[in-house]
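Trainee: If you scroll down you'll find the structure; I have some questions about it.
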Amino acid sequence: MPSPTQVVALLKAQNIRYVRLYDADRAMLLALANTGIQVTVSVPNDQLLGIGQSNATAANWVARNVLAHVPATNITAIAVGSEVLTALPNAAPVLVSALKFIHSALVASNLDRQIKVSTPHSSSIILDSFPPSQAFFNRSWDPVMVPLLKFLQSTGSYLMLNVYPYYDYMQSNGVIPLDYALFRPLPPNKEAVDANTLLHYTNVFDAVVDAAYFAMSYLNITNLPIVVTESGWPSKGDSSEPDATLENANTYNSNLIKHVLNNTGTPKHPRIAVSTYIYELYNEDLRPGSVSEKNWGLFDANGMPVYILHLTGAGTVLANDTTNQTFCVAKEGADPKMLQAALDWACGPGKVDCSPLLQGHPCYEPDNVVSHSTFAFNAYFQKMAKSPGTCDFKGVATITTTDPSHGSCIFPGSIGKNGTITNGTSLAPSSNSSTSGCPSQNFYGDGSFTTSVIIAVLLMSAVFL
């Protein structure tokens with residue numbers, strides 16, 4: 001996995017200004033120093049019992065993981081545990097105490113206005129979530145939820161909620177349409193209508209968020225903001241997860257970004273956008289579990305985008321193609337015979353214009369199979385609009401952001417000295433854009449991973465501006 005320095009370089013290149021860490025890794029926090037990036041740190045679940053039972057333990061945690069880093073590192077929130085009520089119910093009795101002890105340590109250091117304290121919940125704590133107006137929190141958790149919500153309200157904090165339309169869709173046994181989960185446009189007769197409020201719902205995300213608002217109002221909490229601390233869609237799954245695909249992941253996250261940044265709000269609270277962290281920044285190849293569990297990231301471990309977000313018309317947001325310049329090259333150490341076979345295919349059935357490789361032409365030198373196949377692979381990759389799977393060639397090709405052009409041999413997709421981008425062998429005006437990102441994503445870690453790179457990036461809505 002990438003080092004903290006590499007992670008921060010990617011965040012800066014993407015103009016990501018808000019991140020959530022799933023711990024408070026010292027190396028990661030040091031790497032984030034003096035960047036201005038707003039950071040949410042987390043108390044891992046395995047430390048929750050100790051902190052919830054001891055004010056001194058909480059104060060020591062804050063001293064070690066917060067005070068040691070501010071103000072150089074811009075820590076703005078602490079997530080205490082993760083989905084405690086559903087993932088670690090034995091710690092539920094001390095959850096509110098843990099939040100209060102952490103908050104008290106911040107008050108003692110005069111940081112309580114700068115740094116908010118909350119705890120992320122699974123949306124599964126909401127029962128009967130449709131229609132949203134009838135939703136309520138699992139009553140068995142009232143002894144925790146009532147004082148928790150009052151604490152959040154009294155400290156000017158917010159409810160942290162993890163919203164996963166993918167799982168709602170998967171568990172609905174066909175009741176929830178895929179388009180409804182993916183924010184795709186629905187005809188009016190397909191929209192879900194809350195019979196009690198007559199509010200129309202065009203997507204699962206809004207319905208879940210409004211269900212949380214209504215569930216809070218049932219407990220007489222009516223003015224507490226919601227921040228979605230995790231949302232996303234997996235780009236790959238096993239045979240039992242046919243809708244975990246690149247296209248669906250791209251569609252969901254692209255539409256989510258547009259929905260949040262357009263300040264659409266929800267039917268219950270229109271024009272009050274819900275700040276949302278996208279889960280997650282990187283794929284986790286070593287993560288145990290199903291295939292989909294490893295494939296929630298926008299980037300692979302090398303910092304290459306898993307897919308290019310469809311963000312036309314969404315304004316200035318995350319561009320997970322770091323430069324709009326990616327190239328397909330021969331993989332180092334690849335079998336020359338396989339390279340030659342792939343080269344022959346690209347210049348033949350692949351219909352790539354390989355004339356620049358002819359003797360006397362700009363890309364003839366160096367005259368070897370690695371150089372020639374790199375040109376052909378990249379020409380095909382660019383011709384196919386960098387579509388997923390078009391830079392593989394039976395495993396002998398790989399994607400890079402390093403421009404392989406040399407001398408007078410300008411590769412397709414390269415930005416030349418005159419600021420134009422080459423397309424095949426012709427020049428066309430550059431279509432590069434300087435889109436930046438604010439989506440927020442969450443990451444989960446366990447013993448198998450380098451927790452310092454478990455990060456989330458935030459889609460910042462107007463409520464934070």
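Chain lettering (A, B, ...) mirrors the order of the structure tokens, residue numbering begins at 1 for each chain separately, and ligand numbering begins at 1 in order of display.
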I'd like a table as CSV: residues in segment 120-200 of chain A with an atom no more than 9 Å from segment 254-260 of chain A, each row giving the shortest atom pair and its distance in Å to one decimal, only C-alpha atoms counted, sorted by chain and rising residue number.
Mentor:
residue,atom,partner,partner_atom,distance
A:Leu182,CA,A:Asn255,CA,7.4
A:Phe183,CA,A:Asn255,CA,6.1
A:Arg184,CA,A:Asn255,CA,7.8
Trainee: When DSSP is applied to the backbone of this structure, which of segment 39-179 of chain A are assigned strand (DSSP E)? Write them out as a list in words.
Mentor: Val39, Thr40, Val41, Ser42, Val43, Asn74, Ile75, Thr76, Ala77, Ile78, Ala79, Val80, Lys116, Val117, Ser118, Pro120, His121, Ser122, Ile126, Leu127, Phe136, Phe137, Leu159, Met160, Leu161 and Asn162 of chain A
Trainee: When you draw a straight line from atom CA of Thr402 of chain A to atom CA of Thr245 of chain A, how long is it in Å?
Mentor: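 Result for atom CA of Thr402 of chain A versus atom CA of Thr245 of chain A: 27.4 Å, one decimal.
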Trainee: Find the residue from A:Phe137, A:Trp61, A:Tyr279, A:Tyr364 that sits nearest to Leu219 of chain A; use only C-alpha atoms when measuring.
Mentor: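 Ranked by minimum distance to Leu219 of chain A, first place goes to A:Phe137.
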Trainee: Smallest atom-to-atom distance to Thr276 of chain A: which of A:His200, A:Arg20, A:Lys394, A:Lys294, using only C-alpha atoms?
Mentor: A:Arg20
Trainee: Tell me, which residues of segment 157-269 of chain A carry DSSP alpha helix (DSSP H), written as a JSON list (two decimals) with all heavy atoms, in the first residue's frame?
Mentor:
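Below you can see states.json, which holds the result:
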[["chain", "number", "residue", "atom", "x", "y", "z"],
["A", 165, "PRO", "N", -26.51, 2.41, -0.22],
["A", 165, "PRO", "CA", -27.59, 1.93, -1.09],
["A", 165, "PRO", "C", -27.26, 0.60, -1.76],
["A", 165, "PRO", "O", -28.18, -0.16, -2.09],
["A", 165, "PRO", "CB", -27.73, 3.06, -2.12],
["A", 165, "PRO", "CG", -27.35, 4.28, -1.35],
["A", 165, "PRO", "CD", -26.19, 3.83, -0.49],
["A", 166, "TYR", "N", -25.96, 0.30, -1.96],
["A", 166, "TYR", "CA", -25.59, -0.98, -2.56],
["A", 166, "TYR", "C", -26.13, -2.13, -1.72],
["A", 166, "TYR", "O", -26.73, -3.08, -2.26],
["A", 166, "TYR", "CB", -24.07, -1.09, -2.68],
["A", 166, "TYR", "CG", -23.60, -2.47, -3.12],
["A", 166, "TYR", "CD1", -23.76, -2.90, -4.43],
["A", 166, "TYR", "CD2", -23.02, -3.36, -2.21],
["A", 166, "TYR", "CE1", -23.36, -4.17, -4.83],
["A", 166, "TYR", "CE2", -22.61, -4.62, -2.60],
["A", 166, "TYR", "CZ", -22.78, -5.02, -3.91],
["A", 166, "TYR", "OH", -22.37, -6.29, -4.30],
["A", 167, "TYR", "N", -25.92, -2.06, -0.40],
["A", 167, "TYR", "CA", -26.39, -3.15, 0.46],
["A", 167, "TYR", "C", -27.90, -3.15, 0.57],
["A", 167, "TYR", "O", -28.53, -4.23, 0.61],
["A", 167, "TYR", "CB", -25.73, -3.05, 1.83],
["A", 167, "TYR", "CG", -24.26, -3.39, 1.82],
["A", 167, "TYR", "CD1", -23.32, -2.51, 2.32],
["A", 167, "TYR", "CD2", -23.81, -4.61, 1.30],
["A", 167, "TYR", "CE1", -21.96, -2.82, 2.30],
["A", 167, "TYR", "CE2", -22.47, -4.93, 1.28],
["A", 167, "TYR", "CZ", -21.55, -4.04, 1.78],
["A", 167, "TYR", "OH", -20.20, -4.34, 1.76],
["A", 168, "ASP", "N", -28.52, -1.97, 0.62],
["A", 168, "ASP", "CA", -29.98, -1.92, 0.64],
["A", 168, "ASP", "C", -30.55, -2.60, -0.60],
["A", 168, "ASP", "O", -31.52, -3.36, -0.53],
["A", 168, "ASP", "CB", -30.46, -0.46, 0.69],
["A", 168, "ASP", "CG", -30.10, 0.21, 2.01],
["A", 168, "ASP", "OD1", -30.09, -0.47, 3.04],
["A", 168, "ASP", "OD2", -29.80, 1.42, 1.99],
["A", 169, "TYR", "N", -29.93, -2.31, -1.74],
["A", 169, "TYR", "CA", -30.37, -2.93, -3.00],
["A", 169, "TYR", "C", -30.17, -4.44, -2.98],
["A", 169, "TYR", "O", -31.08, -5.21, -3.33],
["A", 169, "TYR", "CB", -29.60, -2.29, -4.16],
["A", 169, "TYR", "CG", -29.66, -3.07, -5.45],
["A", 169, "TYR", "CD1", -30.82, -3.08, -6.23],
["A", 169, "TYR", "CD2", -28.56, -3.80, -5.90],
["A", 169, "TYR", "CE1", -30.88, -3.81, -7.41],
["A", 169, "TYR", "CE2", -28.61, -4.51, -7.08],
["A", 169, "TYR", "CZ", -29.77, -4.52, -7.83],
["A", 169, "TYR", "OH", -29.83, -5.24, -9.00],
["A", 170, "MET", "N", -28.97, -4.87, -2.55],
["A", 170, "MET", "CA", -28.65, -6.30, -2.55],
["A", 170, "MET", "C", -29.58, -7.10, -1.63],
["A", 170, "MET", "O", -29.92, -8.25, -1.91],
["A", 170, "MET", "CB", -27.20, -6.50, -2.12],
["A", 170, "MET", "CG", -26.18, -6.08, -3.15],
["A", 170, "MET", "SD", -26.09, -7.22, -4.55],
["A", 170, "MET", "CE", -25.33, -8.66, -3.76],
["A", 178, "LEU", "N", -32.50, -1.19, -9.40],
["A", 178, "LEU", "CA", -31.10, -0.77, -9.48],
["A", 178, "LEU", "C", -30.99, 0.72, -9.79],
["A", 178, "LEU", "O", -30.16, 1.43, -9.20],
["A", 178, "LEU", "CB", -30.37, -1.59, -10.55],
["A", 178, "LEU", "CG", -28.88, -1.27, -10.74],
["A", 178, "LEU", "CD1", -28.09, -1.53, -9.46],
["A", 178, "LEU", "CD2", -28.30, -2.09, -11.89],
["A", 179, "ASP", "N", -31.81, 1.23, -10.70],
["A", 179, "ASP", "CA", -31.75, 2.65, -11.04],
["A", 179, "ASP", "C", -32.02, 3.53, -9.83],
["A", 179, "ASP", "O", -31.43, 4.61, -9.69],
["A", 179, "ASP", "CB", -32.76, 2.97, -12.15],
["A", 179, "ASP", "CG", -32.33, 2.43, -13.50],
["A", 179, "ASP", "OD1", -31.15, 2.02, -13.63],
["A", 179, "ASP", "OD2", -33.16, 2.41, -14.44],
["A", 180, "TYR", "N", -32.91, 3.09, -8.96],
["A", 180, "TYR", "CA", -33.26, 3.84, -7.75],
["A", 180, "TYR", "C", -32.06, 3.91, -6.80],
["A", 180, "TYR", "O", -31.84, 4.91, -6.11],
["A", 180, "TYR", "CB", -34.45, 3.17, -7.09],
["A", 180, "TYR", "CG", -35.02, 3.85, -5.87],
["A", 180, "TYR", "CD1", -35.51, 5.16, -5.93],
["A", 180, "TYR", "CD2", -35.13, 3.16, -4.67],
["A", 180, "TYR", "CE1", -36.07, 5.76, -4.81],
["A", 180, "TYR", "CE2", -35.69, 3.75, -3.55],
["A", 180, "TYR", "CZ", -36.16, 5.05, -3.62],
["A", 180, "TYR", "OH", -36.71, 5.64, -2.51],
["A", 181, "ALA", "N", -31.26, 2.84, -6.77],
["A", 181, "ALA", "CA", -30.07, 2.81, -5.92],
["A", 181, "ALA", "C", -28.94, 3.65, -6.49],
["A", 181, "ALA", "O", -28.12, 4.20, -5.75],
["A", 181, "ALA", "CB", -29.60, 1.37, -5.71],
["A", 204, "VAL", "N", -32.33, 5.94, -3.18],
["A", 204, "VAL", "CA", -32.24, 5.30, -1.87],
["A", 204, "VAL", "C", -31.53, 6.21, -0.87],
["A", 204, "VAL", "O", -31.93, 6.32, 0.29],
["A", 204, "VAL", "CB", -31.51, 3.95, -1.98],
["A", 204, "VAL", "CG1", -31.27, 3.35, -0.59],
["A", 204, "VAL", "CG2", -32.28, 2.98, -2.85],
["A", 205, "PHE", "N", -30.46, 6.87, -1.32],
["A", 205, "PHE", "CA", -29.64, 7.70, -0.42],
["A", 205, "PHE", "C", -30.50, 8.72, 0.32],
["A", 205, "PHE", "O", -30.45, 8.81, 1.55],
["A", 205, "PHE", "CB", -28.56, 8.40, -1.25],
["A", 205, "PHE", "CG", -27.62, 9.26, -0.47],
["A", 205, "PHE", "CD1", -26.44, 8.73, 0.05],
["A", 205, "PHE", "CD2", -27.88, 10.62, -0.28],
["A", 205, "PHE", "CE1", -25.56, 9.53, 0.77],
["A", 205, "PHE", "CE2", -27.00, 11.43, 0.43],
["A", 205, "PHE", "CZ", -25.83, 10.88, 0.95],
["A", 206, "ASP", "N", -31.30, 9.48, -0.41],
["A", 206, "ASP", "CA", -32.14, 10.50, 0.23],
["A", 206, "ASP", "C", -33.15, 9.87, 1.19],
["A", 206, "ASP", "O", -33.42, 10.43, 2.26],
["A", 206, "ASP", "CB", -32.91, 11.29, -0.84],
["A", 206, "ASP", "CG", -32.04, 12.33, -1.53],
["A", 206, "ASP", "OD1", -30.90, 12.54, -1.09],
["A", 206, "ASP", "OD2", -32.50, 12.92, -2.53],
["A", 207, "ALA", "N", -33.70, 8.74, 0.80],
["A", 207, "ALA", "CA", -34.69, 8.09, 1.65],
["A", 207, "ALA", "C", -34.08, 7.65, 2.98],
["A", 207, "ALA", "O", -34.71, 7.81, 4.04],
["A", 207, "ALA", "CB", -35.29, 6.88, 0.92],
["A", 208, "VAL", "N", -32.86, 7.14, 2.95],
["A", 208, "VAL", "CA", -32.21, 6.71, 4.19],
["A", 208, "VAL", "C", -31.86, 7.91, 5.07],
["A", 208, "VAL", "O", -32.07, 7.88, 6.29],
["A", 208, "VAL", "CB", -30.94, 5.88, 3.87],
["A", 208, "VAL", "CG1", -30.17, 5.58, 5.16],
["A", 208, "VAL", "CG2", -31.32, 4.59, 3.16],
["A", 209, "VAL", "N", -31.34, 8.97, 4.45],
["A", 209, "VAL", "CA", -31.00, 10.16, 5.23],
["A", 209, "VAL", "C", -32.25, 10.76, 5.87],
["A", 209, "VAL", "O", -32.25, 11.12, 7.06],
["A", 209, "VAL", "CB", -30.27, 11.20, 4.36],
["A", 209, "VAL", "CG1", -30.10, 12.52, 5.11],
["A", 209, "VAL", "CG2", -28.91, 10.66, 3.92],
["A", 210, "ASP", "N", -33.33, 10.86, 5.11],
["A", 210, "ASP", "CA", -34.57, 11.40, 5.68],
["A", 210, "ASP", "C", -35.14, 10.47, 6.75],
["A", 210, "ASP", "O", -35.73, 10.95, 7.74],
["A", 210, "ASP", "CB", -35.60, 11.63, 4.58],
["A", 210, "ASP", "CG", -35.48, 13.02, 3.95],
["A", 210, "ASP", "OD1", -34.58, 13.77, 4.37],
["A", 210, "ASP", "OD2", -36.28, 13.35, 3.05],
["A", 211, "ALA", "N", -34.97, 9.17, 6.59],
["A", 211, "ALA", "CA", -35.40, 8.24, 7.63],
["A", 211, "ALA", "C", -34.68, 8.54, 8.94],
["A", 211, "ALA", "O", -35.28, 8.48, 10.03],
["A", 211, "ALA", "CB", -35.14, 6.80, 7.19],
["A", 212, "ALA", "N", -33.40, 8.89, 8.85],
["A", 212, "ALA", "CA", -32.64, 9.24, 10.06],
["A", 212, "ALA", "C", -33.16, 10.55, 10.67],
["A", 212, "ALA", "O", -33.28, 10.67, 11.89],
["A", 212, "ALA", "CB", -31.16, 9.36, 9.73],
["A", 213, "TYR", "N", -33.48, 11.53, 9.82],
["A", 213, "TYR", "CA", -34.06, 12.78, 10.33],
["A", 213, "TYR", "C", -35.37, 12.52, 11.06],
["A", 213, "TYR", "O", -35.61, 13.03, 12.15],
["A", 213, "TYR", "CB", -34.32, 13.75, 9.18],
["A", 213, "TYR", "CG", -33.12, 14.53, 8.69],
["A", 213, "TYR", "CD1", -32.77, 14.53, 7.34],
["A", 213, "TYR", "CD2", -32.34, 15.29, 9.57],
["A", 213, "TYR", "CE1", -31.69, 15.27, 6.87],
["A", 213, "TYR", "CE2", -31.25, 16.03, 9.12],
["A", 213, "TYR", "CZ", -30.94, 16.01, 7.76],
["A", 213, "TYR", "OH", -29.86, 16.74, 7.31],
["A", 214, "PHE", "N", -36.24, 11.71, 10.45],
["A", 214, "PHE", "CA", -37.52, 11.41, 11.08],
["A", 214, "PHE", "C", -37.33, 10.59, 12.36],
["A", 214, "PHE", "O", -38.04, 10.82, 13.34],
["A", 214, "PHE", "CB", -38.42, 10.65, 10.10],
["A", 214, "PHE", "CG", -39.14, 11.52, 9.12],
["A", 214, "PHE", "CD1", -38.78, 11.53, 7.78],
["A", 214, "PHE", "CD2", -40.20, 12.33, 9.53],
["A", 214, "PHE", "CE1", -39.45, 12.35, 6.86],
["A", 214, "PHE", "CE2", -40.87, 13.15, 8.61],
["A", 214, "PHE", "CZ", -40.49, 13.16, 7.28],
["A", 215, "ALA", "N", -36.37, 9.66, 12.35],
["A", 215, "ALA", "CA", -36.12, 8.86, 13.55],
["A", 215, "ALA", "C", -35.65, 9.74, 14.70],
["A", 215, "ALA", "O", -36.02, 9.52, 15.87],
["A", 215, "ALA", "CB", -35.10, 7.78, 13.25],
["A", 216, "MET", "N", -34.84, 10.76, 14.39],
["A", 216, "MET", "CA", -34.40, 11.69, 15.44],
["A", 216, "MET", "C", -35.58, 12.52, 15.95],
["A", 216, "MET", "O", -35.71, 12.76, 17.16],
["A", 216, "MET", "CB", -33.29, 12.59, 14.91],
["A", 216, "MET", "CG", -31.94, 11.91, 14.77],
["A", 216, "MET", "SD", -30.56, 13.07, 14.53],
["A", 216, "MET", "CE", -30.87, 13.65, 12.85],
["A", 217, "SER", "N", -36.44, 12.96, 15.03],
["A", 217, "SER", "CA", -37.58, 13.78, 15.46],
["A", 217, "SER", "C", -38.53, 12.98, 16.35],
["A", 217, "SER", "O", -39.18, 13.54, 17.24],
["A", 217, "SER", "CB", -38.33, 14.33, 14.24],
["A", 217, "SER", "OG", -38.95, 13.30, 13.49],
["A", 218, "TYR", "N", -38.59, 11.67, 16.14],
["A", 218, "TYR", "CA", -39.40, 10.79, 17.00],
["A", 218, "TYR", "C", -38.89, 10.84, 18.44],
["A", 218, "TYR", "O", -39.66, 10.65, 19.38],
["A", 218, "TYR", "CB", -39.33, 9.36, 16.45],
["A", 218, "TYR", "CG", -40.22, 8.36, 17.15],
["A", 218, "TYR", "CD1", -41.58, 8.31, 16.86],
["A", 218, "TYR", "CD2", -39.70, 7.47, 18.08],
["A", 218, "TYR", "CE1", -42.40, 7.39, 17.50],
["A", 218, "TYR", "CE2", -40.52, 6.54, 18.73],
["A", 218, "TYR", "CZ", -41.87, 6.51, 18.44],
["A", 218, "TYR", "OH", -42.68, 5.61, 19.06],
["A", 246, "LEU", "N", -17.63, -1.98, -12.55],
["A", 246, "LEU", "CA", -16.99, -0.68, -12.77],
["A", 246, "LEU", "C", -18.03, 0.37, -13.16],
["A", 246, "LEU", "O", -18.02, 1.49, -12.64],
["A", 246, "LEU", "CB", -15.94, -0.80, -13.87],
["A", 246, "LEU", "CG", -14.57, -1.36, -13.50],
["A", 246, "LEU", "CD1", -13.75, -1.60, -14.78],
["A", 246, "LEU", "CD2", -13.82, -0.42, -12.57],
["A", 247, "GLU", "N", -18.90, 0.01, -14.07],
["A", 247, "GLU", "CA", -19.88, 0.99, -14.56],
["A", 247, "GLU", "C", -20.83, 1.43, -13.45],
["A", 247, "GLU", "O", -21.15, 2.61, -13.31],
["A", 247, "GLU", "CB", -20.66, 0.42, -15.74],
["A", 247, "GLU", "CG", -21.65, 1.40, -16.35],
["A", 247, "GLU", "CD", -21.00, 2.70, -16.82],
["A", 247, "GLU", "OE1", -19.82, 2.67, -17.27],
["A", 247, "GLU", "OE2", -21.66, 3.76, -16.72],
["A", 248, "ASN", "N", -21.31, 0.48, -12.64],
["A", 248, "ASN", "CA", -22.22, 0.85, -11.56],
["A", 248, "ASN", "C", -21.52, 1.67, -10.48],
["A", 248, "ASN", "O", -22.11, 2.62, -9.93],
["A", 248, "ASN", "CB", -22.85, -0.40, -10.94],
["A", 248, "ASN", "CG", -23.90, -1.02, -11.83],
["A", 248, "ASN", "OD1", -24.37, -0.40, -12.79],
["A", 248, "ASN", "ND2", -24.27, -2.26, -11.55],
["A", 249, "ALA", "N", -20.28, 1.32, -10.17],
["A", 249, "ALA", "CA", -19.51, 2.09, -9.18],
["A", 249, "ALA", "C", -19.30, 3.52, -9.68],
["A", 249, "ALA", "O", -19.47, 4.49, -8.94],
["A", 249, "ALA", "CB", -18.18, 1.42, -8.90],
["A", 250, "ASN", "N", -18.96, 3.62, -10.95],
["A", 250, "ASN", "CA", -18.76, 4.94, -11.55],
["A", 250, "ASN", "C", -20.07, 5.73, -11.54],
["A", 250, "ASN", "O", -20.09, 6.92, -11.17],
["A", 250, "ASN", "CB", -18.25, 4.77, -12.98],
["A", 250, "ASN", "CG", -17.68, 6.05, -13.56],
["A", 250, "ASN", "OD1", -17.96, 7.15, -13.09],
["A", 250, "ASN", "ND2", -16.86, 5.92, -14.59],
["A", 251, "THR", "N", -21.14, 5.09, -11.94],
["A", 251, "THR", "CA", -22.44, 5.76, -11.98],
["A", 251, "THR", "C", -22.85, 6.24, -10.59],
["A", 251, "THR", "O", -23.27, 7.39, -10.42],
["A", 251, "THR", "CB", -23.51, 4.82, -12.54],
["A", 251, "THR", "OG1", -23.17, 4.46, -13.88],
["A", 251, "THR", "CG2", -24.89, 5.46, -12.52],
["A", 252, "TYR", "N", -22.73, 5.37, -9.59],
["A", 252, "TYR", "CA", -23.16, 5.75, -8.24],
["A", 252, "TYR", "C", -22.33, 6.91, -7.70],
["A", 252, "TYR", "O", -22.88, 7.93, -7.25],
["A", 252, "TYR", "CB", -23.07, 4.56, -7.27],
["A", 252, "TYR", "CG", -23.49, 4.97, -5.87],
["A", 252, "TYR", "CD1", -24.84, 5.05, -5.54],
["A", 252, "TYR", "CD2", -22.56, 5.35, -4.91],
["A", 252, "TYR", "CE1", -25.25, 5.47, -4.29],
["A", 252, "TYR", "CE2", -22.96, 5.79, -3.66],
["A", 252, "TYR", "CZ", -24.30, 5.84, -3.35],
["A", 252, "TYR", "OH", -24.70, 6.29, -2.11],
["A", 253, "ASN", "N", -21.01, 6.76, -7.72],
["A", 253, "ASN", "CA", -20.18, 7.81, -7.13],
["A", 253, "ASN", "C", -20.25, 9.11, -7.91],
["A", 253, "ASN", "O", -20.24, 10.20, -7.32],
["A", 253, "ASN", "CB", -18.73, 7.32, -7.01],
["A", 253, "ASN", "CG", -18.54, 6.38, -5.83],
["A", 253, "ASN", "OD1", -19.19, 6.52, -4.81],
["A", 253, "ASN", "ND2", -17.65, 5.40, -5.98],
["A", 254, "SER", "N", -20.32, 9.03, -9.23],
["A", 254, "SER", "CA", -20.45, 10.26, -10.03],
["A", 254, "SER", "C", -21.76, 10.97, -9.72],
["A", 254, "SER", "O", -21.79, 12.19, -9.52],
["A", 254, "SER", "CB", -20.37, 9.93, -11.52],
["A", 254, "SER", "OG", -19.11, 9.39, -11.87],
["A", 255, "ASN", "N", -22.85, 10.20, -9.65],
["A", 255, "ASN", "CA", -24.15, 10.81, -9.35],
["A", 255, "ASN", "C", -24.23, 11.31, -7.92],
["A", 255, "ASN", "O", -24.86, 12.34, -7.65],
["A", 255, "ASN", "CB", -25.27, 9.81, -9.63],
["A", 255, "ASN", "CG", -25.52, 9.59, -11.12],
["A", 255, "ASN", "OD1", -25.15, 10.43, -11.94],
["A", 255, "ASN", "ND2", -26.12, 8.47, -11.47],
["A", 256, "LEU", "N", -23.59, 10.59, -7.00],
["A", 256, "LEU", "CA", -23.56, 11.04, -5.61],
["A", 256, "LEU", "C", -22.84, 12.38, -5.49],
["A", 256, "LEU", "O", -23.30, 13.30, -4.81],
["A", 256, "LEU", "CB", -22.87, 9.99, -4.74],
["A", 256, "LEU", "CG", -22.61, 10.38, -3.27],
["A", 256, "LEU", "CD1", -23.92, 10.62, -2.54],
["A", 256, "LEU", "CD2", -21.80, 9.29, -2.56],
["A", 257, "ILE", "N", -21.71, 12.51, -6.17],
["A", 257, "ILE", "CA", -20.94, 13.76, -6.13],
["A", 257, "ILE", "C", -21.79, 14.91, -6.66],
["A", 257, "ILE", "O", -21.89, 15.98, -6.04],
["A", 257, "ILE", "CB", -19.65, 13.61, -6.94],
["A", 257, "ILE", "CG1", -18.68, 12.67, -6.23],
["A", 257, "ILE", "CG2", -18.97, 14.97, -7.15],
["A", 257, "ILE", "CD1", -17.48, 12.27, -7.05],
["A", 258, "LYS", "N", -22.43, 14.70, -7.80],
["A", 258, "LYS", "CA", -23.28, 15.75, -8.37],
["A", 258, "LYS", "C", -24.42, 16.10, -7.41],
["A", 258, "LYS", "O", -24.74, 17.28, -7.20],
["A", 258, "LYS", "CB", -23.85, 15.28, -9.70],
["A", 258, "LYS", "CG", -22.83, 15.04, -10.79],
["A", 258, "LYS", "CD", -23.49, 14.44, -12.02],
["A", 258, "LYS", "CE", -22.46, 14.01, -13.05],
["A", 258, "LYS", "NZ", -23.09, 13.33, -14.21],
["A", 259, "HIS", "N", -25.03, 15.09, -6.82],
["A", 259, "HIS", "CA", -26.17, 15.29, -5.93],
["A", 259, "HIS", "C", -25.79, 16.12, -4.72],
["A", 259, "HIS", "O", -26.51, 17.05, -4.33],
["A", 259, "HIS", "CB", -26.69, 13.91, -5.50],
["A", 259, "HIS", "CG", -27.95, 13.95, -4.69],
["A", 259, "HIS", "ND1", -29.15, 14.36, -5.21],
["A", 259, "HIS", "CD2", -28.19, 13.64, -3.39],
["A", 259, "HIS", "CE1", -30.09, 14.28, -4.27],
["A", 259, "HIS", "NE2", -29.53, 13.85, -3.16],
["A", 260, "VAL", "N", -24.64, 15.83, -4.14],
["A", 260, "VAL", "CA", -24.20, 16.55, -2.94],
["A", 260, "VAL", "C", -23.75, 17.96, -3.29],
["A", 260, "VAL", "O", -24.15, 18.94, -2.64],
["A", 260, "VAL", "CB", -23.07, 15.78, -2.22],
["A", 260, "VAL", "CG1", -22.48, 16.63, -1.11],
["A", 260, "VAL", "CG2", -23.60, 14.47, -1.65],
["A", 261, "LEU", "N", -22.93, 18.08, -4.32],
["A", 261, "LEU", "CA", -22.35, 19.38, -4.62],
["A", 261, "LEU", "C", -23.33, 20.34, -5.28],
["A", 261, "LEU", "O", -23.10, 21.55, -5.28],
["A", 261, "LEU", "CB", -21.11, 19.22, -5.50],
["A", 261, "LEU", "CG", -19.95, 18.46, -4.84],
["A", 261, "LEU", "CD1", -18.74, 18.46, -5.75],
["A", 261, "LEU", "CD2", -19.58, 19.07, -3.50]]
Trainee: Quick one: distance from atom CA of Lys331 of chain A to atom CA of Asp367 of chain A in Å, one decimal?
Mentor: 17.1 Å
Trainee: Return the single residue from A:Leu106, A:Cys328, A:Ala192, A:Val291 that is closest to Glu241 of chain A, with distances computed using only C-alpha atoms.
Mentor: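 The answer is A:Val291, which sits nearest to Glu241 of chain A.
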Trainee: Applying 8 Å and only C-alpha atoms, which residues near segment 70-80 of chain A remain after dropping the ones on its own chain fewer than 2 positions away? List them as a VMD selection string.
Mentor: chain A and resid 29 to 30 32 to 45 48 66 to 68 82 98 to 99 114 to 120
Trainee: Find, counting only C-alpha atoms, the residue in A:Ala56, A:Met160, A:Cys409, A:Ala244 that gets nearest to His361 of chain A.
Mentor: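 Checking each candidate against His361 of chain A, we get A:Cys409 as the closest.
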Trainee: For a quick check of understanding, using only C-alpha atoms, which of A:Gln359, A:Asn378, A:Asn162, A:Ser122 has the smallest distance to Thr229 of chain A?
Mentor: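 Smallest separation from Thr229 of chain A among the options: A:Asn162.
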Trainee: So that I can see what lies close to segment 299-306 of chain A, please list as a VMD selection string the residues with an atom at most 9 Å from it, counting only C-alpha atoms and leaving out residues fewer than 4 positions away in the same chain.
Mentor: chain A and resid 1 to 2 6 to 7 10 235 246 280 to 285 295 320 to 322 326 388 399 to 401
Trainee: To one decimal in Å, tell me the separation between atom CA of Ser240 of chain A and atom CA of Gln171 of chain A.
Mentor: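 Atom CA of Ser240 of chain A sits 12.0 Å away from atom CA of Gln171 of chain A.
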Trainee: Name the residues in contact with Glu332 of chain A at a cut-off of 10 Å, using only C-alpha atoms, excluding same-chain residues fewer than 4 positions from it; report them as a list in words.
Mentor: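 Once the adjacent positions are removed, what remains is Val370, Val396, Ala397 and Thr398 of chain A.
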Trainee: Can you pull out the residues contacting Leu95 of chain A? Cut-off 10 Å, using only C-alpha atoms, and skip same-chain residues under 4 positions away; I want them as a list in words.
Mentor: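 The neighbour list is Leu48, Leu49, Ile51, Gly52, Gln53, Val80, Gly81, Val84, Leu85, Pro89, Asn90, Ala91, Leu99, Lys100, Phe101, Thr119, Val144, Met145 and Leu148 of chain A.
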